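Worksheet for the structure shown next.
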Amino acid sequence: MFYLRPPGTKGSAAAPHLPQRSGNTGGLGSILPLSNCPQLQCCRHIVPGPLWWGSRDPSLSALIYKDEKITVNQDVPVHEGKPHIVHFQYKVTEVKTSSWDAVLSNQSLFVEIPDGLLADGSKEGLSALLEFAEEKMKVNYVFICFRKSREDRAPLLKTFSFLGFEIVRPGHPSVPSRPDVMFMVYPLDQNSSSDEE
């Protein structure tokens, strides 16, 4: 589960972190999956939008799905108990892709919405990610988080609400109490989808 680390805090064994965006590090926190595993260096933003890269703990990467529009790879951690990093690439056009990285933990997928403008095709890419998470990964929830101080907060809330995300209320057991961070969740009812099959 993710939360933004308060500025100036260090990572710990109980809270591995996803480093903050390069090029915009002044006082901004990092995304942290909550688990009892050693520090996990995951992703660094290198360009505006949801394109992430970074040095990670040694892991094996496996292609888990590919079709004409979407490619999904998963980093399988070498050490037990580490969360799985999932990389989604959605082909918007012949030359443009929308990329999202997420952490898979406890039947939930956690996605950070990076600072800055989202790349063209991000909405379509996230929609494809949600469909894949529901139909292929069988997760129960998809969480997103972003800073409340973003200038584009209102359009983001509107866009994610339109996609079916709901604002996570304070005190939700899956997310920490962080007044500076907006959490939204997309609940997936796996019981109804398995009844339809």
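Chain lettering (A, B, ...) mirrors the order of the structure tokens, residue numbering begins at 1 for each chain separately, and ligand numbering begins at 1 in order of display.
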| message | With only C-alpha atoms as the counted atoms, please give the residues lying no more than 9 Å from range 150-153 of chain A, apart from itself and same-chain residues fewer than 4 positions off, as a VMD selection string. | response | chain A and resid 115 to 117 146 157 to 158
With N, CA and C atoms kept, could you save the residues just selected as a PDB file, in the first residue's frame?
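Saved to again-v5.pdb:
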ATOM      1  N   ASP A 115       3.665  13.619 -10.670  1.00  0.00           N
ATOM      2  CA  ASP A 115       3.493  15.065 -10.770  1.00  0.00           C
ATOM      3  C   ASP A 115       3.634  15.483 -12.226  1.00  0.00           C
ATOM      4  N   GLY A 116       3.073  16.612 -12.559  1.00  0.00           N
ATOM      5  CA  GLY A 116       3.176  17.123 -13.922  1.00  0.00           C
ATOM      6  C   GLY A 116       2.017  16.650 -14.775  1.00  0.00           C
ATOM      7  N   LEU A 117       2.040  17.120 -15.999  1.00  0.00           N
ATOM      8  CA  LEU A 117       0.978  16.757 -16.927  1.00  0.00           C
ATOM      9  C   LEU A 117       1.078  15.293 -17.301  1.00  0.00           C
ATOM     10  N   PHE A 146      -2.133  10.812  -5.335  1.00  0.00           N
ATOM     11  CA  PHE A 146      -1.438  11.994  -5.844  1.00  0.00           C
ATOM     12  C   PHE A 146      -1.534  13.087  -4.794  1.00  0.00           C
ATOM     13  N   LEU A 157      -9.520  14.642 -10.192  1.00  0.00           N
ATOM     14  CA  LEU A 157     -10.641  14.046  -9.462  1.00  0.00           C
ATOM     15  C   LEU A 157     -11.801  13.742 -10.400  1.00  0.00           C
ATOM     16  N   LYS A 158     -12.097  14.682 -11.289  1.00  0.00           N
ATOM     17  CA  LYS A 158     -13.197  14.489 -12.236  1.00  0.00           C
ATOM     18  C   LYS A 158     -12.902  13.316 -13.176  1.00  0.00           C
TER      19      LYS A 158
END
Exercise for review: Find the residues near Val142 in chain A: any atom within 7 Å, counting only C-alpha atoms, skip ones fewer than 5 places away on the same chain, and give them as a count of residues only.
Suggested key: 6
For this session: Assign secondary structure with DSSP using the backbone only, and return the residues of range 87-191 of chain A in strand (DSSP E or B) as an MDAnalysis selection string.
Result: chainID A and resid 87:91 97:105 108:112 141:147 166:167 181:187
Can you pull out every residue within 8 Å of Glu124 in chain A, counting only C-alpha atoms, but drop anything in the same chain fewer than 4 positions away, and send it as a PyMOL selection string? chain A and resi 90+92+128
Can you write out the residues you just picked, keeping C-alpha atoms, as a PDB file, in the first residue's frame?
ATOM      1  CA  TYR A  90      -0.520   0.662 -23.699  1.00  0.00           C
ATOM      2  CA  VAL A  92      -1.906   4.632 -28.061  1.00  0.00           C
ATOM      3  CA  ALA A 128      -6.694  -0.716 -20.157  1.00  0.00           C
TER       4      ALA A 128
END
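Here CA of Asp101 in chain A stands at a distance of 5.7 Å from CA of Val86 in chain A.
Of the listed residues A:Glu68, A:Glu80, A:Asp180, A:Asp189, the one whose atoms come nearest to Asn140 in chain A is A:Asp189, with distances taken using only C-alpha atoms.
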Show me, as a PDB file with N, CA and C atoms, in the first residue's frame, the residues that have an atom within 10 Å of Arg169 in chain A when counting only C-alpha atoms, minus same-chain residues fewer than 2 positions from it.
ATOM      1  N   GLU A 166     -13.278   6.044  -6.541  1.00  0.00           N
ATOM      2  CA  GLU A 166     -13.945   6.715  -5.435  1.00  0.00           C
ATOM      3  C   GLU A 166     -12.879   7.255  -4.488  1.00  0.00           C
ATOM      4  N   ILE A 167     -13.158   8.402  -3.886  1.00  0.00           N
ATOM      5  CA  ILE A 167     -12.228   8.974  -2.912  1.00  0.00           C
ATOM      6  C   ILE A 167     -12.183   8.062  -1.691  1.00  0.00           C
ATOM      7  N   GLY A 171      -9.053   7.192   7.462  1.00  0.00           N
ATOM      8  CA  GLY A 171      -9.202   6.045   8.347  1.00  0.00           C
ATOM      9  C   GLY A 171      -9.316   4.713   7.628  1.00  0.00           C
ATOM     10  N   HIS A 172      -9.295   4.723   6.295  1.00  0.00           N
ATOM     11  CA  HIS A 172      -9.351   3.463   5.543  1.00  0.00           C
ATOM     12  C   HIS A 172      -8.157   2.605   5.954  1.00  0.00           C
ATOM     13  N   PRO A 173      -8.355   1.322   6.254  1.00  0.00           N
ATOM     14  CA  PRO A 173      -7.260   0.488   6.761  1.00  0.00           C
ATOM     15  C   PRO A 173      -6.131   0.238   5.761  1.00  0.00           C
ATOM     16  N   VAL A 175      -4.754   2.509   3.674  1.00  0.00           N
ATOM     17  CA  VAL A 175      -3.920   3.680   3.399  1.00  0.00           C
ATOM     18  C   VAL A 175      -3.649   4.427   4.702  1.00  0.00           C
ATOM     19  N   SER A 177      -2.901   7.723   7.235  1.00  0.00           N
ATOM     20  CA  SER A 177      -3.480   9.045   7.413  1.00  0.00           C
ATOM     21  C   SER A 177      -2.475  10.074   6.919  1.00  0.00           C
ATOM     22  N   MET A 182      -4.071  12.655  -1.728  1.00  0.00           N
ATOM     23  CA  MET A 182      -5.399  12.199  -2.125  1.00  0.00           C
ATOM     24  C   MET A 182      -5.288  10.740  -2.553  1.00  0.00           C
ATOM     25  N   PHE A 183      -6.109   9.885  -1.968  1.00  0.00           N
ATOM     26  CA  PHE A 183      -6.179   8.481  -2.357  1.00  0.00           C
ATOM     27  C   PHE A 183      -7.540   8.222  -2.985  1.00  0.00           C
ATOM     28  N   MET A 184      -7.525   7.458  -4.047  1.00  0.00           N
ATOM     29  CA  MET A 184      -8.770   7.031  -4.677  1.00  0.00           C
ATOM     30  C   MET A 184      -8.667   5.530  -4.914  1.00  0.00           C
ATOM     31  N   VAL A 185      -9.800   4.864  -4.889  1.00  0.00           N
ATOM     32  CA  VAL A 185      -9.815   3.411  -5.052  1.00  0.00           C
ATOM     33  C   VAL A 185     -10.840   3.018  -6.106  1.00  0.00           C
TER      34      VAL A 185
END
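In this comparison, which uses only C-alpha atoms, the residue of A:Val103, A:Val72, A:Cys145, A:Val168 approaching His84 in chain A most closely is A:Val103.
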Nearby residues (only C-alpha atoms) at most 12 Å from Leu129 in chain A, same-chain spacing under 5 positions excluded, as a JSON list (two decimals) with N, CA and C atoms, in the first residue's frame:
[["chain", "number", "residue", "atom", "x", "y", "z"],
["A", 65, "TYR", "N", 1.81, -10.81, -20.25],
["A", 65, "TYR", "CA", 0.72, -10.68, -21.21],
["A", 65, "TYR", "C", 1.14, -9.74, -22.33],
["A", 69, "LYS", "N", -2.38, -4.17, -28.27],
["A", 69, "LYS", "CA", -2.48, -2.87, -27.60],
["A", 69, "LYS", "C", -1.74, -2.79, -26.26],
["A", 70, "ILE", "N", -1.67, -3.89, -25.53],
["A", 70, "ILE", "CA", -1.12, -3.83, -24.18],
["A", 70, "ILE", "C", -0.02, -4.88, -23.98],
["A", 71, "THR", "N", 1.02, -4.45, -23.27],
["A", 71, "THR", "CA", 2.11, -5.34, -22.87],
["A", 71, "THR", "C", 2.27, -5.20, -21.36],
["A", 72, "VAL", "N", 2.32, -6.33, -20.66],
["A", 72, "VAL", "CA", 2.44, -6.32, -19.21],
["A", 72, "VAL", "C", 3.63, -7.19, -18.82],
["A", 86, "VAL", "N", 4.72, -4.24, -11.35],
["A", 86, "VAL", "CA", 4.08, -4.58, -12.61],
["A", 86, "VAL", "C", 4.19, -3.38, -13.54],
["A", 87, "HIS", "N", 4.65, -3.62, -14.77],
["A", 87, "HIS", "CA", 4.84, -2.56, -15.77],
["A", 87, "HIS", "C", 3.80, -2.74, -16.88],
["A", 88, "PHE", "N", 2.99, -1.71, -17.08],
["A", 88, "PHE", "CA", 1.96, -1.73, -18.12],
["A", 88, "PHE", "C", 2.36, -0.77, -19.23],
["A", 89, "GLN", "N", 2.28, -1.21, -20.47],
["A", 89, "GLN", "CA", 2.48, -0.33, -21.62],
["A", 89, "GLN", "C", 1.28, -0.49, -22.53],
["A", 90, "TYR", "N", 0.65, 0.65, -22.83],
["A", 90, "TYR", "CA", -0.52, 0.66, -23.70],
["A", 90, "TYR", "C", -0.16, 1.41, -24.97],
["A", 91, "LYS", "N", -0.38, 0.78, -26.10],
["A", 91, "LYS", "CA", -0.05, 1.37, -27.40],
["A", 91, "LYS", "C", -1.18, 2.31, -27.81],
["A", 98, "SER", "N", 1.50, 4.72, -23.60],
["A", 98, "SER", "CA", 1.22, 5.19, -22.25],
["A", 98, "SER", "C", 1.75, 4.12, -21.31],
["A", 99, "SER", "N", 2.60, 4.51, -20.37],
["A", 99, "SER", "CA", 3.23, 3.55, -19.47],
["A", 99, "SER", "C", 2.86, 3.83, -18.02],
["A", 100, "TRP", "N", 2.57, 2.78, -17.28],
["A", 100, "TRP", "CA", 2.24, 2.87, -15.87],
["A", 100, "TRP", "C", 3.00, 1.79, -15.13],
["A", 101, "ASP", "N", 3.52, 2.11, -13.96],
["A", 101, "ASP", "CA", 4.12, 1.12, -13.07],
["A", 101, "ASP", "C", 3.24, 1.04, -11.83],
["A", 102, "ALA", "N", 3.13, -0.16, -11.29],
["A", 102, "ALA", "CA", 2.29, -0.37, -10.12],
["A", 102, "ALA", "C", 2.95, -1.42, -9.22],
["A", 109, "LEU", "N", -3.67, -3.46, -6.38],
["A", 109, "LEU", "CA", -2.68, -2.83, -7.25],
["A", 109, "LEU", "C", -2.61, -1.36, -6.85],
["A", 110, "PHE", "N", -1.40, -0.83, -6.66],
["A", 110, "PHE", "CA", -1.19, 0.53, -6.19],
["A", 110, "PHE", "C", -0.43, 1.32, -7.24],
["A", 111, "VAL", "N", -1.04, 2.42, -7.70],
["A", 111, "VAL", "CA", -0.48, 3.21, -8.79],
["A", 111, "VAL", "C", -0.32, 4.66, -8.33],
["A", 122, "SER", "N", -2.85, 8.73, -21.60],
["A", 122, "SER", "CA", -2.80, 8.19, -20.24],
["A", 122, "SER", "C", -4.16, 7.67, -19.79],
["A", 123, "LYS", "N", -5.23, 8.37, -20.15],
["A", 123, "LYS", "CA", -6.57, 7.94, -19.75],
["A", 123, "LYS", "C", -6.90, 6.58, -20.36],
["A", 124, "GLU", "N", -6.59, 6.42, -21.65],
["A", 124, "GLU", "CA", -6.84, 5.15, -22.31],
["A", 124, "GLU", "C", -5.96, 4.05, -21.72],
["A", 134, "GLU", "N", -8.66, -6.34, -13.54],
["A", 134, "GLU", "CA", -9.89, -7.03, -13.19],
["A", 134, "GLU", "C", -9.98, -8.40, -13.85],
["A", 135, "GLU", "N", -9.76, -8.45, -15.16],
["A", 135, "GLU", "CA", -10.00, -9.68, -15.90],
["A", 135, "GLU", "C", -8.87, -10.69, -15.81],
["A", 136, "LYS", "N", -7.64, -10.24, -15.81],
["A", 136, "LYS", "CA", -6.50, -11.17, -15.86],
["A", 136, "LYS", "C", -5.81, -11.36, -14.51],
["A", 137, "MET", "N", -5.66, -10.27, -13.75],
["A", 137, "MET", "CA", -4.93, -10.37, -12.48],
["A", 137, "MET", "C", -5.84, -10.74, -11.32],
["A", 139, "VAL", "N", -7.41, -8.85, -9.20],
["A", 139, "VAL", "CA", -7.20, -8.09, -7.98],
["A", 139, "VAL", "C", -8.53, -7.58, -7.45],
["A", 142, "VAL", "N", -7.86, -1.37, -7.03],
["A", 142, "VAL", "CA", -6.78, -0.59, -7.64],
["A", 142, "VAL", "C", -6.81, 0.76, -6.94],
["A", 143, "PHE", "N", -5.70, 1.11, -6.28],
["A", 143, "PHE", "CA", -5.56, 2.39, -5.59],
["A", 143, "PHE", "C", -4.70, 3.32, -6.43],
["A", 163, "LEU", "N", -13.87, 7.52, -14.42],
["A", 163, "LEU", "CA", -13.39, 6.16, -14.68],
["A", 163, "LEU", "C", -13.89, 5.15, -13.64],
["A", 186, "TYR", "N", -10.49, 2.00, -6.85],
["A", 186, "TYR", "CA", -11.39, 1.40, -7.83],
["A", 186, "TYR", "C", -11.65, -0.02, -7.35]]
